[in-house]
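Engineer: So I've got this file, start02.csv, and it contains CSV, N, CA and C atoms:
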```csv
chain,number,residue,atom,x,y,z
W,1,MET,N,1.1,28.0,8.9
W,1,MET,CA,1.9,27.4,7.8
W,1,MET,C,1.1,27.5,6.5
W,2,SER,N,1.7,28.2,5.5
W,2,SER,CA,0.9,28.5,4.3
W,2,SER,C,1.2,27.5,3.2
W,3,GLY,N,2.2,26.6,3.3
W,3,GLY,CA,2.4,25.6,2.3
W,3,GLY,C,3.4,26.0,1.2
W,4,GLU,N,3.9,25.1,0.4
W,4,GLU,CA,4.9,25.3,-0.6
W,4,GLU,C,4.3,26.0,-1.8
W,5,LYS,N,5.1,26.9,-2.4
W,5,LYS,CA,4.7,27.6,-3.6
W,5,LYS,C,5.5,27.2,-4.8
W,6,ASP,N,6.7,26.8,-4.6
W,6,ASP,CA,7.6,26.5,-5.7
W,6,ASP,C,7.2,25.2,-6.5
W,7,LEU,N,6.9,25.4,-7.8
W,7,LEU,CA,6.4,24.3,-8.5
W,7,LEU,C,7.4,23.1,-8.6
W,8,SER,N,8.6,23.4,-8.8
W,8,SER,CA,9.6,22.3,-8.9
W,8,SER,C,9.7,21.5,-7.6
W,9,VAL,N,9.6,22.2,-6.4
W,9,VAL,CA,9.6,21.5,-5.1
W,9,VAL,C,8.4,20.7,-4.9
W,10,LEU,N,7.2,21.3,-5.3
W,10,LEU,CA,6.0,20.6,-5.2
W,10,LEU,C,5.9,19.3,-6.0
W,11,ILE,N,6.3,19.3,-7.2
W,11,ILE,CA,6.3,18.1,-8.1
W,11,ILE,C,7.3,17.1,-7.6
W,12,GLN,N,8.5,17.5,-7.4
W,12,GLN,CA,9.6,16.6,-7.0
W,12,GLN,C,9.3,15.9,-5.7
W,13,ASN,N,8.6,16.6,-4.8
W,13,ASN,CA,8.3,16.0,-3.4
W,13,ASN,C,6.9,15.5,-3.2
W,14,MET,N,6.0,15.6,-4.2
W,14,MET,CA,4.7,15.1,-4.0
W,14,MET,C,4.7,13.6,-4.0
W,15,GLU,N,3.9,13.1,-3.2
W,15,GLU,CA,3.7,11.6,-3.1
W,15,GLU,C,2.2,11.3,-3.3
W,16,PRO,N,1.9,10.9,-4.5
W,16,PRO,CA,0.5,10.6,-4.7
W,16,PRO,C,0.1,9.3,-4.0
W,17,VAL,N,-1.1,9.4,-3.3
W,17,VAL,CA,-1.6,8.3,-2.5
W,17,VAL,C,-3.0,8.0,-3.0
W,18,LEU,N,-3.2,6.7,-3.4
W,18,LEU,CA,-4.5,6.2,-3.8
W,18,LEU,C,-5.3,5.8,-2.6
W,19,ASN,N,-6.3,6.6,-2.3
W,19,ASN,CA,-7.1,6.3,-1.1
W,19,ASN,C,-8.0,5.1,-1.3
W,20,THR,N,-8.3,4.4,-0.3
W,20,THR,CA,-9.1,3.1,-0.4
W,20,THR,C,-10.5,3.5,-0.6
W,21,GLY,N,-11.2,2.8,-1.5
W,21,GLY,CA,-12.6,2.9,-1.6
W,21,GLY,C,-13.0,3.5,-3.0
W,22,GLU,N,-14.3,3.5,-3.2
W,22,GLU,CA,-14.9,4.1,-4.4
W,22,GLU,C,-15.7,5.3,-3.9
W,23,PHE,N,-15.7,6.4,-4.7
W,23,PHE,CA,-16.3,7.7,-4.3
W,23,PHE,C,-17.2,8.2,-5.4
W,24,VAL,N,-18.3,8.8,-5.0
W,24,VAL,CA,-19.3,9.2,-5.9
W,24,VAL,C,-19.7,10.7,-5.6
W,25,PHE,N,-20.2,11.3,-6.6
W,25,PHE,CA,-20.7,12.7,-6.6
W,25,PHE,C,-22.2,12.6,-6.6
W,26,CYS,N,-22.9,13.2,-5.6
W,26,CYS,CA,-24.4,13.2,-5.6
W,26,CYS,C,-24.8,14.6,-5.4
W,27,THR,N,-26.1,14.9,-5.7
W,27,THR,CA,-26.6,16.2,-5.4
W,27,THR,C,-27.9,16.2,-4.5
W,28,VAL,N,-28.0,17.2,-3.7
W,28,VAL,CA,-29.2,17.4,-2.9
W,28,VAL,C,-29.6,18.8,-2.9
W,29,GLU,N,-30.8,19.1,-2.6
W,29,GLU,CA,-31.3,20.5,-2.5
W,29,GLU,C,-30.9,21.1,-1.2
W,30,THR,N,-30.9,20.4,-0.1
W,30,THR,CA,-30.5,20.9,1.2
W,30,THR,C,-29.8,19.8,2.0
W,31,LEU,N,-29.0,20.2,2.9
W,31,LEU,CA,-28.2,19.3,3.7
W,31,LEU,C,-29.1,18.7,4.9
W,32,ASN,N,-30.3,19.3,5.1
W,32,ASN,CA,-31.1,18.9,6.2
W,32,ASN,C,-31.5,17.4,6.2
W,33,GLY,N,-31.6,16.7,5.1
W,33,GLY,CA,-31.9,15.3,5.0
W,33,GLY,C,-30.8,14.4,5.1
W,34,ILE,N,-29.6,14.9,5.2
W,34,ILE,CA,-28.4,14.0,5.3
W,34,ILE,C,-28.4,13.3,6.7
W,35,PRO,N,-28.4,11.9,6.7
W,35,PRO,CA,-28.4,11.2,7.9
W,35,PRO,C,-27.3,11.4,8.8
W,36,ASP,N,-26.0,11.6,8.3
W,36,ASP,CA,-24.9,11.7,9.1
W,36,ASP,C,-23.8,12.5,8.4
W,37,MET,N,-23.7,13.8,8.7
W,37,MET,CA,-22.8,14.7,8.1
W,37,MET,C,-21.3,14.3,8.2
W,38,GLU,N,-21.0,13.5,9.2
W,38,GLU,CA,-19.6,13.0,9.4
W,38,GLU,C,-19.2,12.1,8.3
W,39,LYS,N,-20.1,11.5,7.6
W,39,LYS,CA,-19.8,10.5,6.5
W,39,LYS,C,-19.6,11.2,5.2
W,40,ILE,N,-19.8,12.5,5.1
W,40,ILE,CA,-19.6,13.2,3.8
W,40,ILE,C,-18.1,13.6,3.7
W,41,LEU,N,-17.5,13.3,2.6
W,41,LEU,CA,-16.1,13.7,2.4
W,41,LEU,C,-16.0,15.2,2.3
W,42,PHE,N,-16.8,15.8,1.4
W,42,PHE,CA,-17.0,17.2,1.3
W,42,PHE,C,-18.2,17.6,0.5
W,43,PHE,N,-18.6,18.8,0.6
W,43,PHE,CA,-19.8,19.3,-0.1
W,43,PHE,C,-19.5,20.7,-0.6
W,44,PHE,N,-20.2,21.1,-1.7
W,44,PHE,CA,-20.0,22.4,-2.3
W,44,PHE,C,-21.4,22.9,-2.8
W,45,ARG,N,-21.7,24.1,-2.4
W,45,ARG,CA,-23.0,24.6,-2.7
W,45,ARG,C,-22.9,25.4,-4.1
W,46,GLU,N,-23.7,25.0,-5.0
W,46,GLU,CA,-23.8,25.7,-6.3
W,46,GLU,C,-25.3,26.2,-6.4
W,47,HIS,N,-25.5,27.1,-7.4
W,47,HIS,CA,-26.8,27.6,-7.6
W,47,HIS,C,-27.9,26.6,-7.8
W,48,GLU,N,-27.5,25.5,-8.6
W,48,GLU,CA,-28.5,24.5,-9.0
W,48,GLU,C,-28.8,23.5,-7.8
W,49,ALA,N,-27.8,23.2,-7.0
W,49,ALA,CA,-28.0,22.2,-6.0
W,49,ALA,C,-26.7,22.2,-5.2
W,50,ILE,N,-26.7,21.3,-4.2
W,50,ILE,CA,-25.5,21.1,-3.3
W,50,ILE,C,-24.9,19.7,-3.8
W,51,THR,N,-23.6,19.8,-4.2
W,51,THR,CA,-22.9,18.6,-4.6
W,51,THR,C,-22.3,18.0,-3.3
W,52,ILE,N,-22.5,16.7,-3.1
W,52,ILE,CA,-21.8,16.0,-2.0
W,52,ILE,C,-21.0,14.9,-2.5
W,53,VAL,N,-19.8,14.7,-2.0
W,53,VAL,CA,-18.9,13.5,-2.4
W,53,VAL,C,-18.8,12.7,-1.1
W,54,LEU,N,-19.0,11.4,-1.4
W,54,LEU,CA,-18.9,10.4,-0.3
W,54,LEU,C,-18.6,9.0,-0.8
W,55,LYS,N,-18.3,8.1,0.1
W,55,LYS,CA,-18.0,6.7,-0.4
W,55,LYS,C,-19.3,6.2,-1.0
W,56,ARG,N,-19.0,5.4,-2.0
W,56,ARG,CA,-20.1,4.8,-2.8
W,56,ARG,C,-21.0,3.9,-1.9
W,57,THR,N,-20.4,3.2,-0.9
W,57,THR,CA,-21.2,2.4,0.0
W,57,THR,C,-22.2,3.2,0.8
W,58,ILE,N,-21.8,4.4,1.2
W,58,ILE,CA,-22.7,5.3,2.0
W,58,ILE,C,-23.8,5.8,1.1
W,59,ALA,N,-23.5,6.2,-0.2
W,59,ALA,CA,-24.5,6.6,-1.1
W,59,ALA,C,-25.5,5.5,-1.4
W,60,ASP,N,-25.0,4.3,-1.5
W,60,ASP,CA,-25.9,3.2,-1.7
W,60,ASP,C,-26.8,3.0,-0.5
W,61,GLU,N,-26.2,3.0,0.7
W,61,GLU,CA,-27.0,2.9,1.9
W,61,GLU,C,-28.1,4.0,2.1
W,62,TRP,N,-27.8,5.2,1.7
W,62,TRP,CA,-28.7,6.3,1.7
W,62,TRP,C,-29.6,6.4,0.5
W,63,LYS,N,-29.4,5.5,-0.4
W,63,LYS,CA,-30.2,5.4,-1.7
W,63,LYS,C,-30.1,6.7,-2.5
W,64,MET,N,-28.9,7.2,-2.6
W,64,MET,CA,-28.7,8.4,-3.3
W,64,MET,C,-28.2,8.1,-4.7
W,65,PRO,N,-28.8,8.7,-5.8
W,65,PRO,CA,-28.3,8.4,-7.1
W,65,PRO,C,-27.0,9.0,-7.5
W,66,TYR,N,-26.3,8.4,-8.3
W,66,TYR,CA,-25.0,8.9,-8.8
W,66,TYR,C,-24.7,8.2,-10.2
W,67,SER,N,-23.9,8.8,-11.0
W,67,SER,CA,-23.6,8.3,-12.3
W,67,SER,C,-22.1,8.1,-12.5
W,68,TYR,N,-21.2,8.6,-11.7
W,68,TYR,CA,-19.8,8.6,-11.9
W,68,TYR,C,-19.1,7.9,-10.6
W,69,ILE,N,-18.4,6.8,-10.8
W,69,ILE,CA,-17.7,6.2,-9.7
W,69,ILE,C,-16.2,6.5,-9.9
W,70,SER,N,-15.7,7.1,-8.8
W,70,SER,CA,-14.3,7.6,-8.9
W,70,SER,C,-13.4,7.0,-7.9
W,71,SER,N,-12.1,7.1,-8.2
W,71,SER,CA,-11.1,6.8,-7.2
W,71,SER,C,-10.5,8.2,-6.8
W,72,TRP,N,-9.9,8.2,-5.6
W,72,TRP,CA,-9.5,9.5,-5.0
W,72,TRP,C,-8.0,9.4,-4.7
W,73,ILE,N,-7.2,10.3,-5.3
W,73,ILE,CA,-5.8,10.4,-5.1
W,73,ILE,C,-5.5,11.7,-4.4
W,74,THR,N,-4.7,11.5,-3.3
W,74,THR,CA,-4.2,12.7,-2.6
W,74,THR,C,-2.7,12.9,-2.9
W,75,LEU,N,-2.4,14.2,-3.2
W,75,LEU,CA,-1.0,14.5,-3.4
W,75,LEU,C,-0.5,15.0,-2.0
W,76,THR,N,0.3,14.2,-1.4
W,76,THR,CA,0.7,14.4,0.0
W,76,THR,C,2.0,15.3,0.1
W,77,ILE,N,1.8,16.5,-0.3
W,77,ILE,CA,2.7,17.6,-0.1
W,77,ILE,C,1.8,18.8,0.3
W,78,HIS,N,2.2,19.6,1.3
W,78,HIS,CA,1.5,20.8,1.7
W,78,HIS,C,1.7,21.9,0.7
W,79,SER,N,0.8,21.9,-0.3
W,79,SER,CA,0.8,23.0,-1.3
W,79,SER,C,0.1,24.2,-0.9
W,80,SER,N,0.7,25.4,-1.2
W,80,SER,CA,0.0,26.6,-0.9
W,80,SER,C,-1.2,26.8,-1.8
W,81,LEU,N,-2.2,27.5,-1.2
W,81,LEU,CA,-3.4,27.8,-2.1
W,81,LEU,C,-3.0,28.8,-3.1
W,82,GLU,N,-1.8,29.4,-3.0
W,82,GLU,CA,-1.3,30.4,-3.9
W,82,GLU,C,-0.3,29.8,-4.9
W,83,ALA,N,0.0,28.6,-4.8
W,83,ALA,CA,0.9,27.9,-5.7
W,83,ALA,C,0.5,28.0,-7.2
W,84,ILE,N,1.4,28.3,-8.1
W,84,ILE,CA,1.0,28.4,-9.5
W,84,ILE,C,1.6,27.3,-10.3
W,85,GLY,N,0.7,26.6,-11.0
W,85,GLY,CA,1.1,25.6,-12.0
W,85,GLY,C,0.9,24.2,-11.6
W,86,LEU,N,0.7,23.9,-10.3
W,86,LEU,CA,0.6,22.5,-9.9
W,86,LEU,C,-0.6,21.8,-10.5
W,87,THR,N,-1.7,22.4,-10.5
W,87,THR,CA,-2.9,21.8,-11.1
W,87,THR,C,-2.7,21.6,-12.5
W,88,ALA,N,-2.2,22.6,-13.2
W,88,ALA,CA,-1.9,22.4,-14.7
W,88,ALA,C,-0.9,21.3,-15.0
W,89,ALA,N,0.1,21.2,-14.1
W,89,ALA,CA,1.1,20.1,-14.4
W,89,ALA,C,0.5,18.7,-14.3
W,90,PHE,N,-0.2,18.5,-13.2
W,90,PHE,CA,-0.7,17.1,-13.0
W,90,PHE,C,-1.9,16.9,-14.0
W,91,ALA,N,-2.7,17.9,-14.3
W,91,ALA,CA,-3.8,17.7,-15.2
W,91,ALA,C,-3.3,17.4,-16.6
W,92,ASN,N,-2.2,18.1,-17.0
W,92,ASN,CA,-1.5,17.8,-18.3
W,92,ASN,C,-1.0,16.4,-18.3
W,93,ALA,N,-0.3,16.0,-17.2
W,93,ALA,CA,0.2,14.6,-17.2
W,93,ALA,C,-0.9,13.6,-17.3
W,94,LEU,N,-2.0,13.8,-16.7
W,94,LEU,CA,-3.2,12.9,-16.8
W,94,LEU,C,-3.8,13.0,-18.2
W,95,LYS,N,-3.9,14.2,-18.8
W,95,LYS,CA,-4.4,14.4,-20.1
W,95,LYS,C,-3.6,13.6,-21.2
W,96,LYS,N,-2.3,13.5,-21.0
W,96,LYS,CA,-1.5,12.8,-22.0
W,96,LYS,C,-1.9,11.3,-21.9
W,97,GLU,N,-2.4,10.8,-20.8
W,97,GLU,CA,-2.9,9.4,-20.7
W,97,GLU,C,-4.4,9.3,-21.0
W,98,ASN,N,-5.0,10.4,-21.4
W,98,ASN,CA,-6.4,10.4,-21.7
W,98,ASN,C,-7.3,10.1,-20.4
W,99,ILE,N,-6.9,10.7,-19.3
W,99,ILE,CA,-7.5,10.5,-18.0
W,99,ILE,C,-8.2,11.9,-17.6
W,100,SER,N,-9.4,11.8,-17.4
W,100,SER,CA,-10.2,13.0,-16.9
W,100,SER,C,-9.9,13.1,-15.4
W,101,CYS,N,-9.9,14.4,-14.9
W,101,CYS,CA,-9.7,14.5,-13.5
W,101,CYS,C,-10.6,15.6,-12.9
W,102,ASN,N,-11.1,15.4,-11.7
W,102,ASN,CA,-11.8,16.4,-11.0
W,102,ASN,C,-11.0,16.8,-9.8
W,103,VAL,N,-10.7,18.0,-9.6
W,103,VAL,CA,-9.7,18.5,-8.6
W,103,VAL,C,-10.3,19.2,-7.5
W,104,VAL,N,-9.9,18.9,-6.3
W,104,VAL,CA,-10.3,19.7,-5.1
W,104,VAL,C,-9.0,20.2,-4.4
W,105,ALA,N,-8.8,21.5,-4.3
W,105,ALA,CA,-7.7,22.0,-3.6
W,105,ALA,C,-8.2,22.3,-2.2
W,106,ALA,N,-7.7,21.6,-1.2
W,106,ALA,CA,-8.0,21.8,0.2
W,106,ALA,C,-6.9,22.6,0.8
W,107,TYR,N,-6.9,23.0,2.1
W,107,TYR,CA,-5.9,23.8,2.7
W,107,TYR,C,-4.5,23.1,2.6
W,108,PHE,N,-4.4,21.8,2.9
W,108,PHE,CA,-3.1,21.2,3.0
W,108,PHE,C,-2.7,20.5,1.8
W,109,HIS,N,-3.6,19.9,1.0
W,109,HIS,CA,-3.3,19.0,-0.1
W,109,HIS,C,-4.2,19.2,-1.3
W,110,ASP,N,-3.8,18.8,-2.4
W,110,ASP,CA,-4.6,18.7,-3.6
W,110,ASP,C,-5.1,17.3,-3.7
W,111,HIS,N,-6.4,17.2,-4.1
W,111,HIS,CA,-7.1,15.9,-4.2
W,111,HIS,C,-7.6,15.7,-5.6
W,112,ILE,N,-7.4,14.6,-6.2
W,112,ILE,CA,-7.8,14.3,-7.6
W,112,ILE,C,-8.8,13.1,-7.6
W,113,PHE,N,-9.9,13.3,-8.2
W,113,PHE,CA,-10.9,12.3,-8.4
W,113,PHE,C,-10.9,11.9,-9.9
W,114,ILE,N,-10.6,10.6,-10.1
W,114,ILE,CA,-10.5,10.1,-11.5
W,114,ILE,C,-11.4,8.9,-11.6
W,115,ALA,N,-11.8,8.5,-12.8
W,115,ALA,CA,-12.6,7.4,-13.0
W,115,ALA,C,-12.0,6.1,-12.4
W,116,LYS,N,-12.8,5.3,-11.7
W,116,LYS,CA,-12.3,4.2,-11.0
W,116,LYS,C,-11.3,3.3,-11.9
W,117,GLU,N,-11.7,3.1,-13.1
W,117,GLU,CA,-10.9,2.2,-14.0
W,117,GLU,C,-9.6,2.8,-14.4
W,118,ASP,N,-9.4,4.1,-14.2
W,118,ASP,CA,-8.1,4.8,-14.5
W,118,ASP,C,-7.2,5.0,-13.3
W,119,ALA,N,-7.5,4.4,-12.2
W,119,ALA,CA,-6.8,4.7,-11.0
W,119,ALA,C,-5.3,4.3,-11.1
W,120,GLU,N,-5.0,3.1,-11.5
W,120,GLU,CA,-3.6,2.7,-11.6
W,120,GLU,C,-2.8,3.5,-12.6
W,121,LYS,N,-3.5,3.7,-13.8
W,121,LYS,CA,-2.8,4.4,-14.8
W,121,LYS,C,-2.5,5.9,-14.4
W,122,ALA,N,-3.5,6.4,-13.6
W,122,ALA,CA,-3.3,7.8,-13.1
W,122,ALA,C,-2.1,7.8,-12.1
W,123,MET,N,-2.0,6.9,-11.3
W,123,MET,CA,-0.9,6.8,-10.3
W,123,MET,C,0.4,6.7,-11.1
W,124,GLU,N,0.5,5.9,-12.1
W,124,GLU,CA,1.7,5.8,-12.9
W,124,GLU,C,2.1,7.1,-13.6
W,125,ALA,N,1.1,7.8,-14.1
W,125,ALA,CA,1.3,9.1,-14.7
W,125,ALA,C,1.8,10.1,-13.7
W,126,LEU,N,1.3,10.1,-12.5
W,126,LEU,CA,1.7,11.1,-11.5
W,126,LEU,C,3.1,10.8,-11.0
W,127,ILE,N,3.5,9.5,-10.9
W,127,ILE,CA,4.8,9.1,-10.5
W,127,ILE,C,5.8,9.5,-11.6
W,128,ALA,N,5.4,9.3,-12.8
W,128,ALA,CA,6.3,9.7,-14.0
W,128,ALA,C,6.5,11.2,-14.0
W,129,LEU,N,5.4,11.9,-13.7
W,129,LEU,CA,5.6,13.4,-13.6
W,129,LEU,C,6.6,13.8,-12.6
W,130,LYS,N,6.5,13.2,-11.4
W,130,LYS,CA,7.4,13.5,-10.3
W,130,LYS,C,8.9,13.2,-10.7
W,131,LYS,N,9.1,12.2,-11.6
W,131,LYS,CA,10.5,11.9,-12.0
W,131,LYS,C,11.0,12.7,-13.1
W,132,SER,N,10.0,13.3,-13.8
W,132,SER,CA,10.4,14.1,-15.1
W,132,SER,C,10.9,15.5,-14.7
W,133,LYS,N,11.3,16.2,-15.8
W,133,LYS,CA,11.7,17.6,-15.6
W,133,LYS,C,10.8,18.4,-16.6
W,134,GLU,N,9.7,17.9,-17.0
W,134,GLU,CA,8.8,18.5,-18.0
W,134,GLU,C,7.8,19.4,-17.5
W,135,PHE,N,8.0,20.0,-16.4
W,135,PHE,CA,6.9,20.9,-15.8
W,135,PHE,C,7.5,22.3,-15.8
```
Using the file provided, produce a representation of the structure as structure tokens.
Structural biologist:
Amino acid sequence: MSGEKDLSVLIQNMEPVLNTGEFVFCTVETLNGIPDMEKILFFFREHEAITIVLKRTIADEWKMPYSYISSWITLTIHSSLEAIGLTAAFANALKKENISCNVVAAYFHDHIFIAKEDAEKAMEALIALKKSKEF
């Protein structure tokens, strides 16, 4: 199953879900020192370091430094990795509300990390986008 590609279908049928918890971005040189890989939401290897994203409570428990506390919104529609315009549409909707977003496109869904204090406003903007015809 490759997911939906039609932008109109994606936006009209997306259901943004605000996941419970606070999430942080941390960096490590290697994954060898991670106490429990199952507690990591995701990681990405860059030239400079490995970025890991996990619940704030876990980062605090592991004494990992972070500077950005985010909320995590999942768009619960199976979007294709080849879909065109979805990221731009929701990023523009959030931009209009002066909300920064960090996006992860996984196989089944798109995930948006926004500053914790912007969570409710972001949900409102995404629901308004779903109801609009401005995409």
Engineer: Which residue gives the smallest distance to Gly21 of chain W among W:Ile58, W:Ile34, W:Val104, W:Ala89, with only C-alpha atoms counted?
Structural biologist: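 Result for the nearest residue to Gly21 of chain W: W:Ile58.
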Engineer: W:Gly85, W:Trp62, W:Ser100, W:Ile11: which is nearest Pro35 of chain W, counting all atoms listed in the file?
Structural biologist: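 Residue with the minimum atom-to-atom distance to Pro35 of chain W: W:Trp62.
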Engineer: Choose the residue, out of W:Cys26, W:Val9, W:Ile84, W:Ile114, that has the smallest atom-to-atom separation from Ser67 of chain W; count all atoms listed in the file.
Structural biologist: W:Cys26
Engineer: Please, which residues of chain W, numbered as in this document, come out strand (DSSP E or B) from DSSP, as an NGL selection string?
Structural biologist: :W and (4 or 16-18 or 23-28 or 40-45 or 50-55 or 69-75 or 79 or 102-105 or 110-115)
Engineer: With distances taken over only C-alpha atoms, which of W:Val17, W:Ala122, W:Ile112, W:Ala105 is nearest to Glu82 of chain W?
Structural biologist: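 The shortest atom-to-atom distance to Glu82 of chain W comes from W:Ala105.
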Engineer: For atom CA of His109 of chain W and atom CA of Phe90 of chain W, determine how far apart the two atoms are, in Å to one decimal place.
Structural biologist: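 Interatomic distance, atom CA of His109 of chain W to atom CA of Phe90 of chain W: 13.3 Å.
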